[in-house]
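**Q** Take this structure, written in structure tokens, and hold onto it; I'll ask about it next.
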Amino acid sequence: MDIYKKSIAELSDLLNKKIISSLEMTNYFIKRINSFDRELNSFITVDEENAQKQAINADLLIAEKNNTLLTGIPIAHKDLFSTKGILTTCASKMLENYIPPFDATVVNKLDKLGMVKLGKTNMDEFAMGSSNESSYFGPVKNPWDLSKVPGGSSGGSASAVAARLAPIATGSDTGGSIRQPAAFCGLTGLKPTYGSVSRYGMIAYASSLDQGGPIGRSAEDCRILFDEIKGYDKNDPTSNHKVIQKKSNLKISKDDAKNITIGIPKEYFLKDLDKDISDSIFESIKTFEKIGFNFKDISLSNQNLAIPAYYIIASAEASSNLSRYDGIKFGHRCSEPKNLEDLYLRTRKEGFGTEVKKRIMIGAYALSSGYYDEYYMRALKIRRIIRDNFASALNQVDYIFAPTTPTVAFNIGEKTSDATEMYLSDIYTTPVNLSGLPAASIPIGFSNKLPIGMQIIGNYFSEHNILNIADLFQKETDWHLRIPENFNHE
């Protein structure tokens with residue numbers, strides 16, 4: 001039946017027609033995880049028993065016709081979404097044995113719909129990374145080439161969906177951590193408008209930048225999940241009341257396209273961009289032009305300032321957020337501390353990995369007396385400039401197309417010794433986070449048998465229109481249907 005190839009709508013149809021039960025579907029995907037994940041390391045925790053219980057309940061809802069489109073559909077959650085009674089590690093020794101007493105809002109919403117949690121996916125430790133190599137549980141492999149990284153920090157979610165070990169997964173995007181893995185793994189990934197998806201129960205990295213969202217094979221699948229996880233949440237003080245609550249369908253037609261102008265920022269197509277990626281973007285633009293979209297060259301100046309501003313702001317917020325891990329209330333605790341200072345120092349030294357320590361130190365330095373104005377305040381001013389650049393551009397055009405990454409997936413270990421090179425892999429994604437805008441990465445081709453991604457960036461709360469545009473492209477192409485050869489069998 002090739003269940004692993006099916007979309008969410010197709011899987012839901014199979015469940016409704018009683019061709020397969022949710023329990024059978026859940027066991028099917030658990031079997032795929034058990035068969036393939038030793039190669040990928042995309043999961044930290046697989047909870048078979050709980051998943052089977054949820055699947056049985058989902059089958060009851062379907063039998064009683066109290067189901068929705070997502071009832072009975074398996075999902076994987078990035079391991080920073082708190083799950084009651086299920087290990088939530090954030091891929092860190094610090095939380096190696098942490099079992100939350102509550103669910104994240106995103107998890108709670110999907111549980112209520114009857115979705116089935118397969119388990120928790122691997123990630124960069126505390127979401128700090130661009131390659132999924134900083135995990136305490138080891139690096140994740142890219143299903144397209146096991147010698148390559150899957151991107152980070154949501155690399156486990158992307159790897160699992162690309163290998164079809166799960167129909168869809170959640171991720172989080174602080175500086176590109178949904179879009180970059182989606183690009184590296186040939187998937188569609190949506191970074192929603194900041195504040196449109198609740199962060200309650202999401203273990204924090206940088207609170208003014210973190211945003212949860214879906215990673216799926218298509219724009220349609222991402223739209224279905226986004227519709228259910230978006231919305232105001234009183235438990236999250238950064239949650240936005242302006243989120244459109246109603247459900248949507250992907251309805252932009254070719255007739256609508258002729259009234260839409262898309263901007264191409266010249267600053268994104270300079271020497272930093274791999275030629276194959278540039279060529280694929282302009283080739284995809286031809287498809288969009290056939291559909292009817294109009295294109296215009298635009299300027300997004302000061303984008304080169306995004307990386308330094310982002311890493312100052314994100315590290316400063318990480319330094320503050322991670323101060324709670326001190327060995328007192330929960331998490332790792334060093335053995336036989338001599339005094340309180342020794343408890344703090346050894347707990348944090350033992351519990352955090354190298355990348356996390358590096359960012360805490362950068363953040364603490366940027367916030368320290370004498371350097372606060374010179375670094376942190378200046379980074380906030382640059383953030384405002386970048387946001388104003390986007391506002392000006394989006395007054396001239398309706399949407400913006402841009403590369404997702406400067407290269408395709410790189411070798412495992414290739415950039416771990418060069419922080420600058422690693423950080424520059426986020427050069428095209430961080431400006432969107434600094435501005436709080438929504439953006440989706442979609443697959444548009446291949447280079448050396450590795451997927452290429454392109455971003456569609458829109459104005460605040462335009463997620464559905466972004467996904468509409470992506471869906472029109474995906475109706476004309478099949479890049480999103482490609483499956484890595486070694487995982488394209490049952």
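Here, A, B, ... name the chains of the structure tokens in the order displayed, residue numbers run from 1 inside each chain, and ligands are numbered from 1 in the same displayed order.
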Name the residues in contact with Pro214 in chain A at a cut-off of 12 Å, using only C-alpha atoms, excluding same-chain residues fewer than 6 positions from it; report them as a ChimeraX atom specification.

**A** /A:75-78,106,154,157-158,161,167-173,177-179,181-182,187-192,197,220-230,439-441,463,467

**Q** Any chance you can output those residues with C-alpha atoms as a PDB file, in the first residue's frame?

**A**
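Output contents, as saved in result.pdb:
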ATOM      1  CA  ILE A  75       3.534  12.697  14.486  1.00  0.00           C
ATOM      2  CA  ALA A  76       7.042  13.177  15.857  1.00  0.00           C
ATOM      3  CA  HIS A  77       7.857  16.068  18.207  1.00  0.00           C
ATOM      4  CA  LYS A  78      11.173  17.868  18.449  1.00  0.00           C
ATOM      5  CA  VAL A 106       1.327  22.578  20.836  1.00  0.00           C
ATOM      6  CA  SER A 154      15.490  20.528  13.994  1.00  0.00           C
ATOM      7  CA  SER A 157      12.500  16.040  12.752  1.00  0.00           C
ATOM      8  CA  ALA A 158      13.657  16.746   9.186  1.00  0.00           C
ATOM      9  CA  VAL A 161      10.144  13.025   7.811  1.00  0.00           C
ATOM     10  CA  PRO A 167       4.261  11.636   8.198  1.00  0.00           C
ATOM     11  CA  ILE A 168       4.994  15.040   9.768  1.00  0.00           C
ATOM     12  CA  ALA A 169       6.899  16.569  12.686  1.00  0.00           C
ATOM     13  CA  THR A 170       7.160  19.677  14.812  1.00  0.00           C
ATOM     14  CA  GLY A 171      10.259  21.831  14.880  1.00  0.00           C
ATOM     15  CA  SER A 172      11.386  25.177  16.217  1.00  0.00           C
ATOM     16  CA  ASP A 173      12.998  28.049  14.356  1.00  0.00           C
ATOM     17  CA  SER A 177      16.145  25.828  12.476  1.00  0.00           C
ATOM     18  CA  ILE A 178      12.996  24.686  10.645  1.00  0.00           C
ATOM     19  CA  ARG A 179      13.802  26.095   7.209  1.00  0.00           C
ATOM     20  CA  PRO A 181      16.880  21.374   7.829  1.00  0.00           C
ATOM     21  CA  ALA A 182      13.869  21.376   5.499  1.00  0.00           C
ATOM     22  CA  LEU A 187      11.088  19.094   2.698  1.00  0.00           C
ATOM     23  CA  THR A 188       8.668  21.946   3.258  1.00  0.00           C
ATOM     24  CA  GLY A 189       9.183  23.788   6.549  1.00  0.00           C
ATOM     25  CA  LEU A 190       7.182  26.742   7.876  1.00  0.00           C
ATOM     26  CA  LYS A 191       8.537  29.326  10.307  1.00  0.00           C
ATOM     27  CA  PRO A 192       5.360  31.162  11.390  1.00  0.00           C
ATOM     28  CA  VAL A 197       2.212  29.541  17.748  1.00  0.00           C
ATOM     29  CA  GLU A 220      -0.578  21.232   2.146  1.00  0.00           C
ATOM     30  CA  ASP A 221       0.600  19.007   5.000  1.00  0.00           C
ATOM     31  CA  CYS A 222       2.241  21.969   6.743  1.00  0.00           C
ATOM     32  CA  ARG A 223      -0.949  23.994   6.341  1.00  0.00           C
ATOM     33  CA  ILE A 224      -3.054  21.259   7.954  1.00  0.00           C
ATOM     34  CA  LEU A 225      -0.786  21.093  11.017  1.00  0.00           C
ATOM     35  CA  PHE A 226      -0.260  24.855  11.281  1.00  0.00           C
ATOM     36  CA  ASP A 227      -4.023  25.438  11.324  1.00  0.00           C
ATOM     37  CA  GLU A 228      -4.261  23.346  14.479  1.00  0.00           C
ATOM     38  CA  ILE A 229      -1.244  24.632  16.422  1.00  0.00           C
ATOM     39  CA  LYS A 230      -1.634  28.359  15.762  1.00  0.00           C
ATOM     40  CA  ALA A 439       8.718  32.238   5.869  1.00  0.00           C
ATOM     41  CA  ALA A 440       8.588  28.779   4.343  1.00  0.00           C
ATOM     42  CA  SER A 441      11.338  26.753   2.709  1.00  0.00           C
ATOM     43  CA  GLU A 463       1.391  32.072   6.428  1.00  0.00           C
ATOM     44  CA  LEU A 467       1.744  28.136   1.674  1.00  0.00           C
TER      45      LEU A 467
END

**Q** Could you list, as number ranges by chain, every residue within 10 Å of Ser253 in chain A, counting only C-alpha atoms and ignoring same-chain residues fewer than 2 positions away?

**A** A: 250-251, 255-258, 291-292, 468-469, 472

**Q** For the residues selected in the previous step, produce a file with N, CA and C atoms as an mmCIF file, in the first residue's frame.

**A**
data_model
loop_
_atom_site.group_PDB
_atom_site.id
_atom_site.type_symbol
_atom_site.label_atom_id
_atom_site.label_comp_id
_atom_site.auth_asym_id
_atom_site.auth_seq_id
_atom_site.Cartn_x
_atom_site.Cartn_y
_atom_site.Cartn_z
ATOM 1 N N LEU A 250 -5.947 25.939 0.770
ATOM 2 C CA LEU A 250 -4.994 26.545 -0.163
ATOM 3 C C LEU A 250 -5.749 26.855 -1.454
ATOM 4 N N LYS A 251 -6.124 28.133 -1.613
ATOM 5 C CA LYS A 251 -7.070 28.482 -2.682
ATOM 6 C C LYS A 251 -6.579 29.529 -3.673
ATOM 7 N N ASP A 255 -5.376 32.650 -11.588
ATOM 8 C CA ASP A 255 -5.938 33.978 -11.883
ATOM 9 C C ASP A 255 -5.483 34.997 -10.847
ATOM 10 N N ASP A 256 -5.380 34.560 -9.580
ATOM 11 C CA ASP A 256 -4.905 35.456 -8.527
ATOM 12 C C ASP A 256 -3.434 35.806 -8.711
ATOM 13 N N ALA A 257 -2.679 34.868 -9.266
ATOM 14 C CA ALA A 257 -1.222 35.030 -9.364
ATOM 15 C C ALA A 257 -0.828 36.266 -10.162
ATOM 16 N N LYS A 258 -1.604 36.613 -11.164
ATOM 17 C CA LYS A 258 -1.236 37.754 -12.015
ATOM 18 C C LYS A 258 -1.273 39.071 -11.255
ATOM 19 N N ILE A 291 2.935 30.129 -14.078
ATOM 20 C CA ILE A 291 1.701 30.129 -13.282
ATOM 21 C C ILE A 291 1.020 31.489 -13.362
ATOM 22 N N GLY A 292 1.837 32.565 -13.484
ATOM 23 C CA GLY A 292 1.266 33.906 -13.624
ATOM 24 C C GLY A 292 1.842 34.964 -12.705
ATOM 25 N N ASN A 468 0.013 28.874 0.130
ATOM 26 C CA ASN A 468 -0.735 28.863 -1.135
ATOM 27 C C ASN A 468 0.212 28.921 -2.322
ATOM 28 N N ILE A 469 1.147 29.864 -2.258
ATOM 29 C CA ILE A 469 2.115 30.043 -3.348
ATOM 30 C C ILE A 469 2.962 28.796 -3.507
ATOM 31 N N LEU A 472 0.902 25.963 -5.169
ATOM 32 C CA LEU A 472 0.777 26.102 -6.626
ATOM 33 C C LEU A 472 2.020 25.570 -7.327
#

**Q** Grab the CA of Asp272 in chain A to CA of Glu317 in chain A distance for me, in Å with one decimal place.

**A** 28.3 Å

**Q** Measure the distance from CA of Ala314 in chain A to CA of Met377 in chain A in Å and round it to one decimal.

**A**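 Interatomic distance, CA of Ala314 in chain A to CA of Met377 in chain A: 12.8 Å.
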
**Q** Compile the contact shell of range 357-361 of chain A as a VMD selection string: residues with an atom at most 8 Å away, counting only C-alpha atoms, same-chain residues fewer than 4 positions apart removed.

**A** chain A and resid 315 to 316 318 to 319 322 352 to 353 365

**Q** Write the residues of the selection above to a file with N, CA and C atoms, as a compact mmCIF listing (two decimals), in the first residue's frame.

**A**
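Contents of again_23.txt, freshly written:
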# COMPACT_ATOMS: atom_id res chain seq x y z
N SER A 315 22.52 34.78 21.89
CA SER A 315 23.41 34.32 22.96
C SER A 315 23.10 35.02 24.28
N ALA A 316 22.76 36.30 24.20
CA ALA A 316 22.40 37.03 25.41
C ALA A 316 21.15 36.44 26.06
N ALA A 318 20.03 33.39 25.59
CA ALA A 318 20.37 32.04 26.04
C ALA A 318 21.07 32.09 27.39
N SER A 319 21.97 33.04 27.55
CA SER A 319 22.69 33.18 28.82
C SER A 319 21.71 33.38 29.97
N LEU A 322 19.23 29.99 30.27
CA LEU A 322 19.88 28.77 30.75
C LEU A 322 20.49 28.93 32.15
N PHE A 352 26.34 20.92 30.35
CA PHE A 352 26.26 21.59 29.06
C PHE A 352 27.38 21.14 28.13
N GLY A 353 27.06 21.07 26.84
CA GLY A 353 28.05 20.76 25.82
C GLY A 353 28.82 22.00 25.39
N TYR A 365 29.01 37.90 28.26
CA TYR A 365 29.94 38.99 27.95
C TYR A 365 29.18 40.19 27.36

**Q** For Leu424 in chain A, find every residue with an atom within 12 Å (counting only C-alpha atoms), except residues of its own chain fewer than 2 positions away, and show them as an NGL selection string.

**A** :A and (129-131 or 175-176 or 180 or 272-273 or 304-308 or 310-311 or 404-407 or 415 or 418-422 or 426-430)

**Q** Please identify the strand (DSSP E or B) residues within range 108-249 of chain A (assignment by DSSP from backbone atoms) and present them as a list in words.

**A**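 Going through range 108-249 of chain A, the strand (DSSP E or B) residues come out as Val116, Lys117, Leu118, Gly119, Lys120, Thr121, Asn142, Asp145, Lys148, Ile168, Ala169, Thr170, Gly171, Ser172, Thr188, Gly189, Leu190, Lys191, Val197, Met202, Gly212, Gly213, Pro214, Ile215, Gly216 and Lys230 of chain A.
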
**Q** Excluding same-chain residues fewer than 3 positions from Ile20 in chain A, what lies within 12 Å of it counting only C-alpha atoms, as a list of chain:residue names?

**A**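 Everything that qualifies: A:Met1, A:Ile3, A:Glu10, A:Leu11, A:Ser12, A:Asp13, A:Leu14, A:Leu15, A:Asn16, A:Lys17, A:Leu23, A:Glu24, A:Met25, A:Thr26, A:Asn27, A:Tyr28, A:Ala55, A:Asp59, A:Ile62, A:Gly72, A:Ile73.
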
**Q** How would you write, as a list in words, the set of residues in range 153-184 of chain A that DSSP gives as alpha helix (DSSP H)?

**A** Gly155, Gly156, Ser157, Ala158, Ser159, Ala160, Val161, Ala162, Arg179, Gln180, Pro181, Ala182, Ala183 and Phe184 of chain A

**Q** Report, in Å with one decimal, the straight-line distance from CA of Gln52 in chain A to CA of Phe36 in chain A.

**A**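 Computed distance, CA of Gln52 in chain A to CA of Phe36 in chain A, equals 19.7 Å.
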
**Q** Ranking A:Gly119, A:Pro139, A:Gly331, A:Pro74 by minimum distance to Pro100 in chain A and counting only C-alpha atoms, which one comes first?

**A**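 Closest residue, counting only C-alpha atoms: A:Gly331.
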
**Q** Just want the 12 Å neighbourhood of Asp279 in chain A, counted on only C-alpha atoms, with same-chain residues fewer than 2 positions away dropped. Output as a PyMOL selection string.

**A** chain A and resi 269+273-277+281-286+403+444-447+452-454
